[in-house]
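Visitor: This structure is in structure tokens; I'll ask about it shortly.
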Amino acid sequence: MRCITYIFVLLASIVSAQEETTKISGQVTAEGEPVAFASVYVKGGTVGVSADENGKYEVTVNSKATELVAASQGYRTLTKSVTLIADTNIVVDFELIEDALGLDQIVVSATRNRISKKQAPVIVKVLGPKLFSATQSLSLADGLNYQPGVRVETNCQNCGFTQVRMNGLKGQYTQILVNSRPVFSALNSVYGLEQIPVSIIDRVEVVRSGGSALFGSNAIAGTINVITKEPINNSWEVSSNLALIDGTTADRNVNVNATVVSEDLTSGVTVYGIFRDRDAFDANDDGFTEITSLNNNSLGAKAFLRPDDNSRIGFDFTGIREYRRGGDKLGLAPQFTDITEELDHNTIFSGVDYETFNDDRTNTLSVYASVQHTNRESYYGGLGGGRTTADSIIANNAFGVTKDLAFVAGAKYSHIFKNNDVLTTGVEYQLNDTDDAIPGYNRLVDQKVNSAGLYGQYEWKPTDKFSALIGARLDHVNVDGFYTIQDIARTSDVSETVLSPRLTVLYNISDELQFRGGYARGFRAAQAFNEDLHISSVGGEQRFVILSENLESEFSNAFTASFDYSKDFNKTQTNLLVEGFYTTLKNPFTIVSTGNSLPNGSILEETRNGSGAYVAGANIELSVSPSSDLFFQVGGTIQRAIYKEDQLLFEADGSVPGEQDVVLSEFARAPNVYGFLNTNWQVSEAFKLDVTGSYTGTMIVPRVVSESGFIDLVDSDAFFDMTTKITYHFDLKDAFHVELSGGIQNLFDSYQNDFDSGATRDSDFVYGPNRPRTLFMGLKFGDF
């Protein structure tokens with residue numbers, strides 16, 4: 001009898017569940033236009049669908065009352081409460097509002113999983129095509145300045161080497177990722193910021209400080225994740241830009257993009273090609289370049305295939321051929337010039353990944369592998385020019401060849417619990433093999449770095465107001481390096497296992513105000529190829545850097561705290577972010593000019609451990625959008641970067657009477673104040689006006705005096721680099737759009753005016769904006 005009762009109860013439950021099943025249908029629109037492929041789902045559950053190309057959806061639910069959410073990239077997420085009636089079809093329409101401030105964007109760099117920026121426990125800044133277009137950015141290096149705490153600088157007149165500084169720390173403290181993979185090697189970091197064109201970038205996600213330690217222990221200053229364009233819908237585009245540097249020197253650029261996606265959305269591919277040709281620019285008419293000549297040809301593709309509803313295969317490929325040259329007499333072979341730096345890069349990035357998940361999307365497994373290979377032919381030298389036989393012999397010895405391989409493979413698993421907590425674990429293997437040889441100088445960098453990492457992270461969400469990320473990464477690093485320059489030889493044999501913990505918290509004080517705080521530990525193993533080791537010239541001789549003996553690994557502790565306030569005043573969206581940061585460095589790597597010359601006359605510098613340092617400061621950003629046609633954003637950084645003990649920059653050898661050591665108490669090239677502004681105004685349906693700019697405060701810049709090799713410390717001027725751009729858009733027909741644009745970069749011609757000159761100059765004495773006043777015009781057409 002009891003069994004029969006159980007059966008009736010079970011049948012009744014089934015019938016009841018069936019009776020409570022309700023279909024909800026409707027359309028997702030924005031300003032009266034359909035939002036194609038928007039996501040509609042039950043909040044806190046696993047039921048959801050994607051709208052079709054007309055924004056229409058239909059979903060079946062079986063609860064009596066629920067909250068239904070509509071979301072789409074570029075729009076504010078909208079939630080509606082729905083009371084369901086059994087066996088009744090309900091119509092629920094959503095009218096989305098443009099997310100002008102990007103508060104609801106989906107990012108992956110915060111937790112290694114897809115998450116809304118507003119729900120992420122760490123601050124993630126997203127740079128996209130709209131900003132790159134407004135700032136007339138052609139490469140990644142051009143667009144990174146427009147956020148707090150980040151500053152891109154050019155460091156060499158001869159080769160145009162650039163680096164990105166985050167929260168006051170130099171470029172090698174930042175982890176650069178391509179599609180979330182650390183294949184941007186140490187060699188790529190020297191010139192790679194200019195080698196990645198913005199036309200292939202979907203977005204760039206930036207996490208300041210060490211809160212993203214799960215991507216790697218090198219993320220001491222932060223992480224820059226370059227995500228290339230995904231195939232979304234059928235489109236094509238051709239664009240061309242011509243810039244005239246100082247009104248005379250041409251910089252030409254052509255981009256071609258095309259995307260094809262199958263009708264059932266199970267496969268797609270995006271292909272792109274880039275051509276850039278920039279002439280050299282001489283600012284002070286001494287016959288030597290301040291901006292190098294540059295030729296970049298790139299070709300790439302990104303594709304996906306969905307074998308079934310629960311899996312996805314992705315593939316990407318990019319080939320880059322870049323040639324750059326600086327110095328003098330660019331029409332001659334380099335060995336017949338006074339000074340030349342010439343680099344010919346052939347680089348390939350490629351990767352494949354496979355993702356699978358269960359029906360309710362609570363378990364996800366990703367497996368991936370990526371590779372980068374660069375073959376570089378180089379020339380660092382000069383003083384041939386027929387001066388003397390000895391000079392000509394030295395000049396002919398300055399040719400070099402570099403081969404660089406970076407490989408990464410790993411697996412990541414994540415599980416969403418019933419209470420919405422998320423567990424993420426993974427393993428990752430990284431290899432970087434570099435062989436850099438200049439036989440004529442007897443210079444060799446032969447270095448192999450192997451790293452095996454294991455990471456885990458738990459995202460704890462006990463309440464709607466509070467969440468925390470608790471995680472750590474365990475890395476075992478092997479560095480096997482052999483380094484020579486002339487008669488000096490050094491080795492690096494590092495084998496160490498390091499644990500890098502992280503803790504970040506998010507507390508929603510109110511619907512408008514959020515607090516975030518975090519701690520992360522990082523380290524850098526002693527290795528020889530990074531931004532500090534690019535070759536430059538001074539006094540007509542090449543300047544080389546070598547590791548000191550017994551160089552120890554560097555460790556960091558990074559702390560952050562921020563308040564993020566967002567509020568709508570009628571239709572005006574506003575956001576104010578105030579973020580404090582404090583990072584300590586133990587055994588920081590520093591470069592010391594020894595004051596000694598090598599047997600061939602080249603200058604020797606040495607990487608040593610400092611006694612310790614810290615960087616402390618605050619980032620502030622205010623964003624206001626009164627309507628979808630107007631956007632205003634301004635941000636800035638106030639900081640101090642201090643050595644705990646005075647840092648030695650120049651070590652006197654006693655050979656010159658009166659010569660003394662040169663020391664510095666604070667970081668060089670680290671302004672205490674810098675910032676940016678970004679304003680976009682859609683004047684009419686056809687016209688758009690963009691005004692953007694970046695400010696760099698005064699800073700200390702070392703300059704080597706060529707006659708003595710002594711270092712002079714120069715207080716630089718402050719600079720404000722402002723760009724104005726006007727865009728005119730019209731449609732020849734529905735599927736053929738045309739844009740004409742033009743404007744001025746560095747409108748006020750805020751540019752360095754005290755460059756060193758001649759063959760004996762210090763080529764590293766460069767600061768301020770990377771170009772003088774520049775006129776530009778552009779044409780873009782296609783179905784975009």
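Each chain in the structure tokens gets a letter, A, B and so on, in the order shown; residues start at 1 in every chain, and ligands are counted from 1 in the order they appear.
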Skip region 750-756 of chain A itself and residues of its chain fewer than 4 positions away, then list as a list in words all residues within 6 Å of it, counting only C-alpha atoms.
Guide: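 Contacts, in chain order: Phe719, Arg761 and Pro772 of chain A.
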Visitor: Please produce an output containing C-alpha atoms for each residue in the selection, written as an mmCIF file, in the first residue's frame.
Guide:
```cif
data_model
loop_
_atom_site.group_PDB
_atom_site.id
_atom_site.type_symbol
_atom_site.label_atom_id
_atom_site.label_comp_id
_atom_site.auth_asym_id
_atom_site.auth_seq_id
_atom_site.Cartn_x
_atom_site.Cartn_y
_atom_site.Cartn_z
ATOM 1 C CA PHE A 719 53.849 66.751 -22.258
ATOM 2 C CA ARG A 761 74.543 60.448 -29.490
ATOM 3 C CA PRO A 772 55.374 65.378 -33.402
#
```
Visitor: Using DSSP on the backbone coordinates, identify all residues within region 97-243 of chain A classified as alpha helix (DSSP H); present the result as a PyMOL selection string.
Guide: chain A and resi 129-134+140-143+188-195
Visitor: I need the residue nearest Val124 (chain A) from this list: A:Arg516, A:Arg151, A:Arg252, A:Arg76. Use only C-alpha atoms for the distance.
Guide: A:Arg516
Visitor: Fewer than 5 positions away in the same chain doesn't count, so skip those; otherwise give me all residues within 10 Å of Ile744 (chain A), counting only C-alpha atoms, as a list of chain:residue names.
Guide: A:Gln136, A:Ala243, A:Leu244, A:Ile245, A:Val691, A:Met722, A:Thr723, A:Thr724, A:Lys725, A:Ile726, A:Asp749, A:Arg773, A:Thr774, A:Leu775, A:Phe776, A:Met777
Visitor: Would you mind listing what lies within 10 Å of Glu33 (chain A) as a list in words, with only C-alpha atoms counted and same-chain residues fewer than 4 positions away left out?
Guide: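 What passes the distance filter is Val28, Thr29, Asn54, Gly55, Glu95 and Leu96 of chain A.
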Visitor: Do you know which residues are at most 10 Å from region 556-560 of chain A counting only C-alpha atoms, after dropping those on the same chain fewer than 6 positions away, and could you put them as number ranges by chain?
Guide: A: 122-123, 208-211, 217-222, 500-504, 516-524, 579-588, 612-618
Visitor: Which one of A:Asn358, A:Asn680, A:Gln486, A:Asn672 sits closest to Ala718 (chain A) if you count only C-alpha atoms?
Guide: A:Asn672
Visitor: Find the residue from A:Gly149, A:Met166, A:Leu431, A:Val498 that sits nearest to Val479 (chain A); use only C-alpha atoms when measuring.
Guide: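 Selected residue with least distance to Val479 (chain A): A:Leu431.
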Visitor: Need to verify the contact set: Asn241 (chain A), 9 Å, only C-alpha atoms, exclusion of same-chain residues closer than 4 positions in sequence. Can you return it as a ChimeraX atom specification?
Guide: /A:251-255,741,776-780
Visitor: Residues of the last selection are to be written out with C-alpha atoms, as a PDB file, in the first residue's frame.
Guide:
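Listed below is the output, selection.pdb:
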```
ATOM      1  CA  ASP A 251      53.061  56.624 -42.774  1.00  0.00           C
ATOM      2  CA  ARG A 252      50.826  54.458 -45.009  1.00  0.00           C
ATOM      3  CA  ASN A 253      48.500  51.717 -43.770  1.00  0.00           C
ATOM      4  CA  VAL A 254      46.013  49.334 -45.494  1.00  0.00           C
ATOM      5  CA  ASN A 255      43.836  46.713 -43.740  1.00  0.00           C
ATOM      6  CA  SER A 741      38.002  60.485 -41.594  1.00  0.00           C
ATOM      7  CA  PHE A 776      46.095  61.959 -41.042  1.00  0.00           C
ATOM      8  CA  MET A 777      43.212  60.965 -43.310  1.00  0.00           C
ATOM      9  CA  GLY A 778      41.423  57.669 -43.776  1.00  0.00           C
ATOM     10  CA  LEU A 779      38.946  55.754 -45.928  1.00  0.00           C
ATOM     11  CA  LYS A 780      36.989  52.670 -44.864  1.00  0.00           C
TER      12      LYS A 780
END
```
